[in-house]
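Structure file my_file.txt with compact mmCIF, C-alpha atoms:
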```
# COMPACT_ATOMS: atom_id res chain seq x y z
CA MET P 1123 0.00 0.00 0.00
CA ARG P 1124 0.94 3.64 -0.25
CA LEU P 1125 -0.11 6.21 2.30
CA ILE P 1126 -0.29 9.85 1.26
CA ALA P 1127 -0.92 12.74 3.62
CA GLU P 1128 -1.61 16.08 1.98
CA THR P 1129 -1.23 19.35 3.91
CA LEU P 1130 -2.74 17.99 7.11
CA SER P 1131 -3.41 20.42 9.87
CA CYS P 1132 -4.67 19.77 13.34
CA ARG P 1133 -6.44 21.90 15.91
CA ARG P 1134 -7.13 20.73 19.42
CA SER P 1135 -9.18 22.70 21.95
CA GLY P 1136 -8.92 25.83 19.87
CA ARG P 1137 -5.14 25.79 19.43
CA ARG P 1138 -3.56 24.91 16.11
CA ILE P 1139 -0.88 22.29 16.69
CA PHE P 1140 0.55 21.80 13.24
CA SER P 1141 -0.39 22.71 9.70
CA GLY P 1142 0.69 21.96 6.15
CA LEU P 1143 2.11 18.56 7.02
CA SER P 1144 2.58 16.31 3.98
CA PHE P 1145 4.35 13.05 3.38
CA ALA P 1146 4.04 9.90 1.30
CA LEU P 1147 5.07 6.48 2.43
CA ALA P 1148 5.34 3.41 0.22
CA ASP P 1149 5.84 -0.31 0.80
CA GLY P 1150 8.81 -1.16 2.97
CA GLU P 1151 9.34 2.38 4.22
CA ALA P 1152 9.46 3.63 7.78
CA LEU P 1153 8.78 7.10 9.10
CA VAL P 1154 9.98 8.24 12.49
CA VAL P 1155 8.08 11.25 13.84
CA THR P 1156 10.00 13.33 16.36
CA GLY P 1157 9.25 16.42 18.35
CA ARG P 1158 9.16 17.70 21.89
CA ASN P 1159 6.40 16.71 24.32
CA GLY P 1160 3.06 18.12 23.27
CA ALA P 1161 4.23 18.93 19.76
CA GLY P 1162 1.42 16.85 18.25
CA LYS P 1163 2.97 13.44 17.57
CA SER P 1164 0.09 11.56 19.13
CA SER P 1165 -2.42 13.84 17.42
CA LEU P 1166 -0.81 13.07 14.08
CA LEU P 1167 -1.03 9.32 14.75
CA ALA P 1168 -4.67 9.71 15.86
CA ILE P 1169 -5.44 11.45 12.55
CA LEU P 1170 -3.68 8.69 10.61
CA ALA P 1171 -5.64 6.06 12.57
CA GLY P 1172 -8.90 7.82 11.74
CA ARG P 1173 -9.66 8.59 15.39
CA LEU P 1174 -9.31 12.35 14.94
CA ARG P 1175 -10.51 14.47 12.07
CA PRO P 1176 -7.88 16.79 10.60
CA GLU P 1177 -8.82 20.46 10.52
CA ALA P 1178 -7.69 20.62 6.91
CA GLY P 1179 -5.88 18.46 4.41
CA ARG P 1180 -6.48 14.97 3.20
CA LEU P 1181 -5.28 11.48 3.93
CA ARG P 1182 -5.54 8.77 1.34
CA ALA P 1183 -4.13 5.37 0.60
CA GLU P 1184 -3.49 3.53 -2.64
CA GLY P 1185 -3.47 -0.18 -3.21
CA ILE P 1186 -5.68 -1.24 -0.33
CA GLY P 1187 -8.65 -2.26 -2.47
CA GLU P 1188 -12.01 -2.14 -0.75
CA ARG P 1189 -10.62 -1.63 2.74
CA THR P 1190 -10.67 1.68 4.55
CA ILE P 1191 -7.46 3.03 6.09
CA PRO P 1192 -8.39 2.08 9.70
CA GLU P 1193 -8.84 -1.51 8.50
CA THR P 1194 -5.28 -1.69 7.22
CA LEU P 1195 -3.43 -0.60 10.32
CA HIS P 1196 -2.43 -1.54 13.82
CA VAL P 1197 -2.16 1.04 16.57
CA VAL P 1198 0.00 0.54 19.64
CA GLY P 1199 -0.05 3.56 21.91
CA HIS P 1200 -0.35 4.77 25.48
CA ARG P 1201 -3.75 3.18 25.91
CA ASP P 1202 -2.99 -0.40 25.09
CA GLY P 1203 -6.53 -1.72 24.58
CA LEU P 1204 -5.89 -4.69 26.87
CA LYS P 1205 -8.40 -5.91 29.46
CA GLY P 1206 -6.75 -6.47 32.82
CA ALA P 1207 -9.15 -9.24 33.81
CA LEU P 1208 -8.39 -11.34 30.71
CA THR P 1209 -5.20 -13.32 30.19
CA ALA P 1210 -2.62 -12.25 27.63
CA GLN P 1211 -3.68 -15.09 25.39
CA GLU P 1212 -7.40 -14.22 25.63
CA ASN P 1213 -6.66 -10.57 24.85
CA LEU P 1214 -4.73 -11.52 21.73
CA ALA P 1215 -7.33 -14.07 20.62
CA PHE P 1216 -9.97 -11.35 20.94
CA ALA P 1217 -7.91 -8.95 18.82
CA ARG P 1218 -7.43 -11.65 16.19
CA ASP P 1219 -11.16 -12.43 15.96
CA LEU P 1220 -12.08 -8.74 15.99
CA LEU P 1221 -9.59 -7.55 13.39
CA GLY P 1222 -9.44 -10.61 11.13
CA GLY P 1223 -6.49 -11.63 8.96
CA ALA P 1224 -5.05 -14.08 11.47
CA ALA P 1225 -1.30 -14.67 11.19
CA LEU P 1226 0.58 -16.13 14.17
CA ALA P 1227 -1.17 -17.97 17.00
CA PRO P 1228 -1.37 -15.82 20.19
CA ARG P 1229 1.02 -18.11 22.06
CA GLU P 1230 3.65 -17.99 19.29
CA ALA P 1231 3.34 -14.22 19.04
CA LEU P 1232 3.93 -13.92 22.80
CA ALA P 1233 6.92 -16.26 22.48
CA ARG P 1234 8.43 -13.95 19.85
CA LEU P 1235 8.37 -11.16 22.42
CA GLY P 1236 9.72 -13.40 25.17
CA LEU P 1237 6.44 -13.65 27.07
CA ALA P 1238 5.48 -17.30 26.51
CA HIS P 1239 5.51 -17.90 30.26
CA ALA P 1240 2.94 -15.14 30.87
CA ALA P 1241 0.41 -16.30 28.27
CA ALA P 1242 -2.05 -17.63 30.87
CA LEU P 1243 -1.67 -14.75 33.35
CA PRO P 1244 -4.28 -11.99 33.59
CA VAL P 1245 -2.83 -8.86 32.00
CA GLY P 1246 -3.66 -6.90 35.16
CA TYR P 1247 -0.86 -8.76 36.94
CA LEU P 1248 1.80 -7.84 34.38
CA SER P 1249 4.28 -4.97 34.64
CA ALA P 1250 4.11 -1.94 32.35
CA GLY P 1251 6.82 -3.31 30.08
CA GLN P 1252 5.18 -6.72 29.88
CA ARG P 1253 1.80 -5.14 29.06
CA ARG P 1254 3.46 -3.16 26.28
CA ARG P 1255 4.93 -6.38 24.90
CA VAL P 1256 1.49 -8.04 24.93
CA ALA P 1257 0.15 -5.04 22.99
CA LEU P 1258 3.06 -5.36 20.54
CA ALA P 1259 2.31 -9.07 20.12
CA ARG P 1260 -0.97 -7.94 18.55
CA LEU P 1261 1.08 -6.74 15.56
CA LEU P 1262 2.02 -10.36 14.86
CA VAL P 1263 -1.34 -11.96 15.61
CA CYS P 1264 -3.08 -10.20 12.70
CA ARG P 1265 -1.36 -9.28 9.49
CA ARG P 1266 -1.88 -5.62 8.61
CA PRO P 1267 0.38 -3.55 6.37
CA LEU P 1268 0.61 -0.31 8.36
CA TRP P 1269 1.91 -0.15 11.93
CA LEU P 1270 1.29 3.05 13.88
CA LEU P 1271 3.46 3.00 16.99
CA ASP P 1272 3.28 5.72 19.62
CA GLU P 1273 6.35 5.59 21.87
CA PRO P 1274 6.67 1.84 21.27
CA THR P 1275 9.82 1.53 23.37
CA ALA P 1276 8.34 3.17 26.47
CA ALA P 1277 8.86 0.90 29.50
CA LEU P 1278 10.70 -1.70 27.39
CA ASP P 1279 14.06 -3.17 28.49
CA ALA P 1280 17.06 -3.36 26.19
CA ALA P 1281 16.39 -6.93 25.05
CA SER P 1282 12.76 -6.13 24.19
CA ARG P 1283 13.79 -2.99 22.31
CA GLU P 1284 16.12 -5.16 20.26
CA ALA P 1285 13.32 -7.69 19.62
CA LEU P 1286 10.98 -4.87 18.56
CA ALA P 1287 13.61 -3.48 16.17
CA GLY P 1288 13.93 -6.98 14.69
CA LEU P 1289 10.16 -7.26 14.23
CA MET P 1290 9.99 -3.87 12.53
CA ARG P 1291 12.86 -4.71 10.16
CA GLU P 1292 11.13 -7.99 9.30
CA HIS P 1293 7.85 -6.18 8.68
CA LEU P 1294 9.55 -3.61 6.44
CA ALA P 1295 11.37 -6.33 4.52
CA ALA P 1296 8.01 -8.02 3.89
CA GLY P 1297 6.72 -4.79 2.35
CA GLY P 1298 5.03 -3.31 5.40
CA LEU P 1299 4.92 0.32 6.53
CA VAL P 1300 5.89 1.63 9.95
CA ILE P 1301 5.13 5.07 11.36
CA ALA P 1302 6.53 5.57 14.84
CA ALA P 1303 6.47 8.57 17.13
CA THR P 1304 9.39 8.41 19.52
CA HIS P 1305 12.15 10.17 21.41
CA GLN P 1306 14.48 7.23 21.36
CA SER P 1307 16.41 5.52 18.64
CA LEU P 1308 14.42 2.59 17.27
CA GLY P 1309 17.29 0.88 15.46
CA LEU P 1310 15.83 1.68 12.05
CA ASP P 1311 18.76 3.20 10.18
CA GLU P 1312 17.01 3.57 6.85
CA ALA P 1313 13.90 5.22 8.32
CA ARG P 1314 12.89 8.66 7.12
CA ARG P 1315 12.53 11.35 9.75
CA LEU P 1316 9.83 13.91 10.16
CA SER P 1317 10.21 16.58 12.79
CA ILE P 1318 6.74 17.76 13.62
CA GLU P 1319 8.04 21.01 15.03
CA ALA P 1320 8.88 22.14 11.49
CA TYR P 1321 5.12 22.33 10.84
CA ARG P 1322 4.28 24.45 13.83
CA PRO P 1323 2.22 27.46 12.89
CA PRO P 1324 4.05 30.77 13.35
CA ALA P 1325 3.89 31.98 16.93
CA PRO P 1326 0.75 34.07 17.36
CA SER P 1327 1.22 37.78 17.84
CA GLY P 1328 -0.42 39.64 20.70
CA ALA P 1329 -3.57 40.42 18.72
CA ASP P 1330 -3.98 36.77 17.73
CA LEU P 1331 -3.57 35.67 21.31
CA ALA P 1332 -6.31 38.04 22.38
CA ALA P 1333 -8.55 36.59 19.69
CA GLU P 1334 -7.78 33.09 20.95
CA PHE P 1335 -8.84 34.04 24.44
CA ASP P 1336 -12.02 35.70 23.22
CA ARG P 1337 -13.17 32.49 21.62
CA MET W 975 -20.00 -12.23 12.33
CA ARG W 976 -16.73 -13.36 13.81
CA ALA W 977 -16.17 -9.92 15.34
CA PHE W 978 -19.72 -10.03 16.75
CA VAL W 979 -19.07 -13.36 18.48
CA ALA W 980 -15.66 -12.16 19.69
CA VAL W 981 -17.08 -9.02 21.34
CA LEU W 982 -20.02 -10.92 22.83
CA ALA W 983 -17.80 -13.67 24.26
CA ARG W 984 -15.29 -11.15 25.64
CA ASP W 985 -17.95 -9.06 27.40
CA LEU W 986 -19.63 -12.12 28.89
CA ARG W 987 -16.25 -13.34 30.13
CA LEU W 988 -15.40 -9.92 31.59
CA ALA W 989 -18.76 -9.78 33.39
CA GLY W 990 -17.94 -13.08 35.07
CA ARG W 991 -14.43 -12.07 36.18
CA ILE W 992 -13.43 -9.98 39.18
CA GLY W 993 -14.59 -6.39 38.83
CA GLY W 994 -17.26 -7.34 36.31
CA SER W 995 -20.87 -6.45 36.98
CA GLY W 996 -22.14 -10.00 36.46
CA ALA W 997 -24.31 -10.68 39.50
CA LEU W 998 -24.37 -7.13 40.79
CA GLY W 999 -27.53 -6.07 38.96
CA LEU W 1000 -29.39 -9.04 40.37
CA VAL W 1001 -28.27 -8.31 43.93
CA PHE W 1002 -29.27 -4.65 43.54
CA PHE W 1003 -32.68 -5.76 42.22
CA LEU W 1004 -33.11 -7.96 45.27
CA MET W 1005 -32.11 -5.13 47.62
CA ILE W 1006 -34.76 -2.75 46.28
CA VAL W 1007 -37.48 -5.39 46.38
CA VAL W 1008 -36.51 -6.31 49.96
CA LEU W 1009 -36.54 -2.68 51.10
CA VAL W 1010 -40.09 -1.95 49.94
CA PRO W 1011 -41.97 -4.20 52.44
CA PHE W 1012 -39.89 -2.69 55.22
CA ALA W 1013 -40.92 0.79 54.13
CA LEU W 1014 -44.61 0.04 53.56
CA GLY W 1015 -45.27 -2.37 56.40
CA PRO W 1016 -46.69 -5.89 56.25
CA ASP W 1017 -49.92 -5.06 54.43
CA LEU W 1018 -50.12 -8.03 52.04
CA ASN W 1019 -53.03 -6.67 50.02
CA LEU W 1020 -51.25 -3.40 49.39
CA LEU W 1021 -47.99 -5.19 48.53
CA SER W 1022 -49.56 -7.59 46.09
CA ARG W 1023 -51.40 -4.69 44.42
CA ILE W 1024 -48.28 -2.59 43.87
CA GLY W 1025 -45.90 -5.57 43.58
CA PRO W 1026 -45.59 -5.56 39.77
CA ALA W 1027 -44.86 -1.84 39.81
CA ILE W 1028 -42.14 -2.35 42.43
CA LEU W 1029 -40.54 -5.16 40.44
CA TRP W 1030 -40.57 -3.07 37.28
CA LEU W 1031 -39.17 -0.01 39.02
CA ALA W 1032 -36.43 -2.15 40.54
CA ALA W 1033 -35.68 -3.62 37.11
CA VAL W 1034 -35.35 -0.15 35.57
CA LEU W 1035 -32.90 0.91 38.29
CA ALA W 1036 -30.98 -2.39 38.19
CA THR W 1037 -30.52 -2.03 34.43
CA LEU W 1038 -28.60 1.18 35.07
CA ILE W 1039 -26.02 -0.79 37.08
CA GLY W 1040 -23.00 -1.33 34.94
CA LEU W 1041 -24.54 0.54 32.03
CA ASP W 1042 -22.30 3.57 32.55
CA ARG W 1043 -19.25 1.33 32.07
CA LEU W 1044 -20.64 -0.26 28.89
CA PHE W 1045 -18.56 1.93 26.58
CA GLN W 1046 -16.61 4.00 29.10
CA ALA W 1047 -14.37 1.11 30.13
CA ASP W 1048 -13.48 0.48 26.48
CA GLU W 1049 -12.90 4.19 25.89
CA GLU W 1050 -10.52 4.47 28.84
CA ASP W 1051 -8.27 1.51 28.09
CA GLY W 1052 -8.12 2.09 24.35
CA SER W 1053 -10.28 -0.89 23.34
CA LEU W 1054 -12.49 1.48 21.35
CA ASP W 1055 -9.46 2.41 19.23
CA LEU W 1056 -8.97 -1.28 18.60
CA ILE W 1057 -12.65 -1.74 17.76
CA ALA W 1058 -12.44 1.18 15.31
CA GLY W 1059 -10.08 -0.94 13.20
CA THR W 1060 -12.43 -3.87 12.75
CA PRO W 1061 -13.84 -4.51 9.30
CA ALA W 1062 -17.24 -5.18 10.91
CA PRO W 1063 -19.64 -2.21 11.14
CA LEU W 1064 -19.69 -0.39 14.47
CA GLU W 1065 -23.43 -1.05 14.80
CA LEU W 1066 -22.73 -4.78 14.97
CA VAL W 1067 -20.22 -4.27 17.76
CA VAL W 1068 -22.78 -2.15 19.65
CA VAL W 1069 -25.41 -4.89 19.31
CA ALA W 1070 -22.92 -7.47 20.61
CA LYS W 1071 -22.08 -5.35 23.65
CA VAL W 1072 -25.73 -4.59 24.40
CA LEU W 1073 -26.65 -8.25 24.02
CA ALA W 1074 -23.90 -9.22 26.46
CA HIS W 1075 -25.16 -6.61 28.93
CA TRP W 1076 -28.74 -7.83 28.58
CA LEU W 1077 -27.72 -11.47 29.04
CA THR W 1078 -25.93 -10.58 32.28
CA THR W 1079 -28.52 -8.07 33.61
CA GLY W 1080 -31.94 -8.10 31.94
CA LEU W 1081 -32.32 -11.84 31.48
CA PRO W 1082 -31.42 -12.79 35.10
CA LEU W 1083 -33.86 -10.11 36.31
CA ALA W 1084 -36.69 -11.60 34.26
CA LEU W 1085 -35.85 -15.13 35.41
CA ALA W 1086 -35.57 -14.12 39.07
CA ALA W 1087 -38.77 -12.04 39.08
CA PRO W 1088 -41.08 -14.93 40.21
CA LEU W 1089 -38.77 -15.65 43.14
CA PHE W 1090 -38.57 -12.01 44.18
CA GLY W 1091 -42.33 -11.72 43.63
CA LEU W 1092 -42.75 -13.85 46.76
CA LEU W 1093 -41.35 -10.97 48.79
CA VAL W 1094 -44.15 -8.66 47.68
CA ALA W 1095 -46.90 -11.30 47.91
CA LEU W 1096 -47.63 -11.61 44.18
CA THR W 1097 -50.22 -14.11 42.98
CA PRO W 1098 -48.90 -16.89 40.70
CA THR W 1099 -50.56 -15.25 37.68
CA ALA W 1100 -48.93 -11.92 38.47
CA MET W 1101 -45.54 -13.65 38.94
CA ALA W 1102 -45.73 -15.26 35.51
CA ALA W 1103 -46.95 -12.01 33.96
CA THR W 1104 -44.15 -9.95 35.56
CA SER W 1105 -41.56 -12.43 34.41
CA LEU W 1106 -42.90 -12.41 30.84
CA THR W 1107 -43.21 -8.63 30.63
CA LEU W 1108 -39.68 -8.20 32.00
CA LEU W 1109 -38.41 -10.68 29.43
CA VAL W 1110 -40.08 -8.71 26.63
CA GLY W 1111 -39.44 -5.23 28.05
CA THR W 1112 -35.89 -5.26 29.47
CA PRO W 1113 -34.25 -5.28 25.98
CA ALA W 1114 -35.88 -1.87 25.43
CA LEU W 1115 -34.34 -0.60 28.68
CA THR W 1116 -30.89 -1.88 27.75
CA PHE W 1117 -30.93 -0.50 24.21
CA ILE W 1118 -32.16 2.92 25.36
CA GLY W 1119 -29.49 2.87 28.05
CA ALA W 1120 -26.80 1.95 25.53
CA ALA W 1121 -27.45 5.13 23.55
CA GLY W 1122 -26.99 7.15 26.75
CA ALA W 1123 -23.89 5.14 27.68
CA ALA W 1124 -22.33 5.89 24.29
CA LEU W 1125 -23.07 9.61 24.71
CA THR W 1126 -21.42 9.73 28.14
CA ALA W 1127 -18.54 7.36 27.27
CA SER W 1128 -15.83 10.01 27.37
CA ILE W 1129 -17.21 11.90 30.38
CA ARG W 1130 -15.68 11.25 33.77
CA ARG W 1131 -18.32 10.25 36.31
CA GLY W 1132 -20.85 10.02 33.54
CA GLY W 1133 -22.98 7.55 35.50
CA LEU W 1134 -25.25 10.16 37.03
CA ILE W 1135 -25.63 12.09 33.79
CA LEU W 1136 -26.45 8.80 32.12
CA ALA W 1137 -29.27 8.12 34.60
CA VAL W 1138 -30.68 11.63 34.15
CA VAL W 1139 -30.57 11.37 30.36
CA VAL W 1140 -31.87 7.85 30.07
CA LEU W 1141 -34.56 7.46 32.76
CA PRO W 1142 -37.14 9.79 31.09
CA LEU W 1143 -36.79 7.76 27.89
CA MET W 1144 -37.57 4.59 29.82
CA ILE W 1145 -40.98 5.89 30.99
CA PRO W 1146 -43.05 4.43 28.11
CA THR W 1147 -41.51 1.00 28.67
CA LEU W 1148 -42.28 1.25 32.37
CA ILE W 1149 -45.90 2.30 31.74
CA PHE W 1150 -46.66 -0.54 29.35
CA GLY W 1151 -44.67 -3.09 31.35
CA VAL W 1152 -46.67 -2.40 34.50
CA SER W 1153 -50.02 -2.07 32.71
CA ALA W 1154 -49.48 -5.39 30.91
CA THR W 1155 -48.73 -7.10 34.20
CA GLU W 1156 -51.85 -5.62 35.79
CA ALA W 1157 -53.96 -6.57 32.78
CA ALA W 1158 -52.96 -10.19 33.36
CA GLY W 1159 -54.55 -10.09 36.79
CA GLY W 1160 -57.90 -9.09 35.37
CA GLY W 1161 -59.09 -5.76 34.03
CA THR W 1162 -60.79 -4.14 31.11
CA VAL W 1163 -57.84 -4.49 28.70
CA PRO W 1164 -56.76 -7.93 27.44
CA PHE W 1165 -53.19 -8.93 28.40
CA ALA W 1166 -52.02 -9.14 24.80
CA THR W 1167 -52.59 -5.47 23.93
CA PRO W 1168 -50.08 -3.80 26.27
CA LEU W 1169 -47.70 -6.78 25.81
CA MET W 1170 -47.65 -6.21 22.04
CA ILE W 1171 -46.95 -2.52 22.55
CA LEU W 1172 -44.13 -3.48 24.95
CA ALA W 1173 -42.67 -5.82 22.32
CA ALA W 1174 -42.93 -3.03 19.75
CA LEU W 1175 -41.10 -0.66 22.12
CA SER W 1176 -38.29 -3.21 22.45
CA LEU W 1177 -37.99 -3.61 18.68
CA VAL W 1178 -37.99 0.14 18.06
CA ALA W 1179 -35.42 0.65 20.83
CA ALA W 1180 -33.23 -2.10 19.34
CA VAL W 1181 -33.02 -0.24 16.04
CA THR W 1182 -32.85 3.38 17.22
CA GLY W 1183 -30.68 2.59 20.27
CA THR W 1184 -28.11 0.76 18.15
CA LEU W 1185 -27.93 3.49 15.50
CA ALA W 1186 -27.83 6.24 18.12
CA ALA W 1187 -25.10 4.54 20.16
CA ALA W 1188 -22.93 3.90 17.09
CA ALA W 1189 -23.43 7.49 15.91
CA ALA W 1190 -22.52 8.82 19.37
CA LEU W 1191 -19.34 6.72 19.46
CA ARG W 1192 -18.31 7.93 15.99
CA TRP W 1193 -19.08 11.52 16.88
CA GLY W 1194 -17.16 11.15 20.11
CA GLU W 1195 -14.05 10.30 18.13
```
Rewritten as structure tokens:
Amino acid sequence: MRLIAETLSCRRSGRRIFSGLSFALADGEALVVTGRNGAGKSSLLAILAGRLRPEAGRLRAEGIGERTIPETLHVVGHRDGLKGALTAQENLAFARDLLGGAALAPREALARLGLAHAAALPVGYLSAGQRRRVALARLLVCRRPLWLLDEPTAALDAASREALAGLMREHLAAGGLVIAATHQSLGLDEARRLSIEAYRPPAPSGADLAAEFDR
Amino acid sequence: MRAFVAVLARDLRLAGRIGGSGALGLVFFLMIVVLVPFALGPDLNLLSRIGPAILWLAAVLATLIGLDRLFQADEEDGSLDLIAGTPAPLELVVVAKVLAHWLTTGLPLALAAPLFGLLVALTPTAMAATSLTLLVGTPALTFIGAAGAALTASIRRGGLILAVVVLPLMIPTLIFGVSATEAAGGGTVPFATPLMILAALSLVAAVTGTLAAAAALRWGE
């Protein structure tokens, strides 16, 4: 598939966060989105995932046939979408049945992330890093071309970061797309970089600020 | 269809686990029904006359238990983002979640109504009638409630707002539920007439509630 963003701009609670953001991403390419805290990385990923409507601009995809963009992507972010009362395996089986396109069995996917021993444990008992790995295992349980990762390495140890980098390289080699928002190095040398701060609207002058407050 | 079964099975499983609202609605229902004789005194004639109304009122309130978490829990932990990526239509997911809620709340209420009817001195006919009307009418309550739950999904402490929004909409169901039960015990109206209207209310609520809840979830994005 090919994902094309055209002059996207985003406004949240009255404040414009970025504008005029464009990029195109084709099979096997990765995009690393960087920027300080609150610069709009998560907002950009929410727009790409179809959870937030851009203020202006357009997002389209080529080569996905009948599917809509949200049906071609995986999101792993701060809110991991895991139910604490269900076991890791049940959570992954649910994701597989919900999303379709089954690939690896839940237990094998957990084994790839070094969590085979925790497959039968309720997710509520797992540590933050282990929860994140269960959420990442979802990427392997269903095959989808576009991975949207928001701070994927948060709470991960060095070995898991290495495993994640391996998974991403494998996915890219198989023709997948990865868009990751991060502060840390992901181990993707060939990834393109997009600094979201370059698309910040010019700082408002005093008159503009007054107008903002009037609203 | 696979997504429908997956959501239904997950919600039923969650209701049965710790922190789920599985048996809570039933216990709440029992509490209200037990409190009424204490408040009114041991006048059996009075109790058996207003018994169906008490059971229905208790059912309406018990339906609200857990309803505020119907979509809110999924909104908070990001499950709604996951659900947004399913190829199945959102309406189907809503129906699956509402069905799971009804199976864990409405259905046990209807089945337990004859037993709880003993506490308010119902006649056997009135027990059977209450049970049947609850079976036919509680889906309407759950579907109406689901629309309110979807509207308040992203609001913190939305439970109270949910009750305020949803309870007025449940009045027609309450009226016809109670009048059908009373018609069964003799009266000028045959039992079937209010029961048919109750069934119609459930069917209408199933359609409009589903569409409204799905629209509210999309809009909330």
* Point out the residue among W:Val981, W:Leu1031, W:Ala1114, W:Ala1190 with the least atom-to-atom distance to Thr1060 (chain W), counting all atoms listed in the file. =>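 For Thr1060 (chain W), the nearest of the given residues is W:Val981.
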* **Residue contacts of region 1156-1173 of chain P (7 Å, all atoms listed in the file) excluding same-chain residues fewer than 6 positions away, as a ChimeraX atom specification** => /P:1139,1192,1270,1272,1303-1305,1316-1319 /W:1195
* Hey, what's within 8 Å of Leu1308 (chain P) if we count all atoms listed in the file and toss same-chain stuff fewer than 5 positions away? As a ChimeraX atom specification, please? -> /P:1275,1283,1287
Chain W near chain P within 12 Å: what's each residue's closest atom pair and its distance in Å to one decimal, counting all atoms listed in the file, ordered by chain then ascending residue number, as JSON lines?
```
{"residue": "W:Met975", "atom": "CA", "partner": "P:Leu1220", "partner_atom": "CA", "distance": 9.4}
{"residue": "W:Arg976", "atom": "CA", "partner": "P:Asp1219", "partner_atom": "CA", "distance": 6.0}
{"residue": "W:Ala977", "atom": "CA", "partner": "P:Leu1220", "partner_atom": "CA", "distance": 4.3}
{"residue": "W:Phe978", "atom": "CA", "partner": "P:Leu1220", "partner_atom": "CA", "distance": 7.8}
{"residue": "W:Val979", "atom": "CA", "partner": "P:Asp1219", "partner_atom": "CA", "distance": 8.4}
{"residue": "W:Ala980", "atom": "CA", "partner": "P:Asp1219", "partner_atom": "CA", "distance": 5.9}
{"residue": "W:Val981", "atom": "CA", "partner": "P:Leu1220", "partner_atom": "CA", "distance": 7.3}
{"residue": "W:Leu982", "atom": "CA", "partner": "P:Phe1216", "partner_atom": "CA", "distance": 10.2}
{"residue": "W:Ala983", "atom": "CA", "partner": "P:Phe1216", "partner_atom": "CA", "distance": 8.8}
{"residue": "W:Arg984", "atom": "CA", "partner": "P:Phe1216", "partner_atom": "CA", "distance": 7.1}
{"residue": "W:Asp985", "atom": "CA", "partner": "P:Lys1205", "partner_atom": "CA", "distance": 10.3}
{"residue": "W:Leu986", "atom": "CA", "partner": "P:Leu1208", "partner_atom": "CA", "distance": 11.4}
{"residue": "W:Arg987", "atom": "CA", "partner": "P:Leu1208", "partner_atom": "CA", "distance": 8.1}
{"residue": "W:Leu988", "atom": "CA", "partner": "P:Ala1207", "partner_atom": "CA", "distance": 6.7}
{"residue": "W:Ala989", "atom": "CA", "partner": "P:Ala1207", "partner_atom": "CA", "distance": 9.6}
{"residue": "W:Gly990", "atom": "CA", "partner": "P:Ala1207", "partner_atom": "CA", "distance": 9.7}
{"residue": "W:Arg991", "atom": "CA", "partner": "P:Ala1207", "partner_atom": "CA", "distance": 6.4}
{"residue": "W:Ile992", "atom": "CA", "partner": "P:Ala1207", "partner_atom": "CA", "distance": 6.9}
{"residue": "W:Gly993", "atom": "CA", "partner": "P:Ala1207", "partner_atom": "CA", "distance": 7.9}
{"residue": "W:Gly994", "atom": "CA", "partner": "P:Ala1207", "partner_atom": "CA", "distance": 8.7}
{"residue": "W:Ala1047", "atom": "CA", "partner": "P:Lys1205", "partner_atom": "CA", "distance": 9.2}
{"residue": "W:Asp1048", "atom": "CA", "partner": "P:Gly1203", "partner_atom": "CA", "distance": 7.5}
{"residue": "W:Glu1049", "atom": "CA", "partner": "P:Gly1203", "partner_atom": "CA", "distance": 8.8}
{"residue": "W:Glu1050", "atom": "CA", "partner": "P:Arg1201", "partner_atom": "CA", "distance": 7.5}
{"residue": "W:Asp1051", "atom": "CA", "partner": "P:Gly1203", "partner_atom": "CA", "distance": 5.1}
{"residue": "W:Gly1052", "atom": "CA", "partner": "P:Gly1203", "partner_atom": "CA", "distance": 4.1}
{"residue": "W:Ser1053", "atom": "CA", "partner": "P:Gly1203", "partner_atom": "CA", "distance": 4.0}
{"residue": "W:Leu1054", "atom": "CA", "partner": "P:Gly1203", "partner_atom": "CA", "distance": 7.5}
{"residue": "W:Asp1055", "atom": "CA", "partner": "P:Arg1173", "partner_atom": "CA", "distance": 7.3}
{"residue": "W:Leu1056", "atom": "CA", "partner": "P:Gly1203", "partner_atom": "CA", "distance": 6.5}
{"residue": "W:Ile1057", "atom": "CA", "partner": "P:Leu1220", "partner_atom": "CA", "distance": 7.2}
{"residue": "W:Ala1058", "atom": "CA", "partner": "P:Pro1192", "partner_atom": "CA", "distance": 7.0}
{"residue": "W:Gly1059", "atom": "CA", "partner": "P:Glu1193", "partner_atom": "CA", "distance": 4.9}
{"residue": "W:Thr1060", "atom": "CA", "partner": "P:Leu1221", "partner_atom": "CA", "distance": 4.7}
{"residue": "W:Pro1061", "atom": "CA", "partner": "P:Glu1193", "partner_atom": "CA", "distance": 5.9}
{"residue": "W:Ala1062", "atom": "CA", "partner": "P:Leu1220", "partner_atom": "CA", "distance": 8.1}
{"residue": "W:Pro1063", "atom": "CA", "partner": "P:Leu1220", "partner_atom": "CA", "distance": 11.1}
{"residue": "W:Leu1064", "atom": "CA", "partner": "P:Leu1220", "partner_atom": "CA", "distance": 11.4}
{"residue": "W:Leu1066", "atom": "CA", "partner": "P:Leu1220", "partner_atom": "CA", "distance": 11.4}
{"residue": "W:Val1067", "atom": "CA", "partner": "P:Leu1220", "partner_atom": "CA", "distance": 9.5}
{"residue": "W:Ala1070", "atom": "CA", "partner": "P:Leu1220", "partner_atom": "CA", "distance": 11.9}
{"residue": "W:Leu1191", "atom": "CA", "partner": "P:Arg1173", "partner_atom": "CA", "distance": 10.7}
{"residue": "W:Arg1192", "atom": "CA", "partner": "P:Arg1173", "partner_atom": "CA", "distance": 8.7}
{"residue": "W:Trp1193", "atom": "CA", "partner": "P:Arg1173", "partner_atom": "CA", "distance": 10.0}
{"residue": "W:Gly1194", "atom": "CA", "partner": "P:Arg1173", "partner_atom": "CA", "distance": 9.2}
{"residue": "W:Glu1195", "atom": "CA", "partner": "P:Arg1173", "partner_atom": "CA", "distance": 5.5}
```
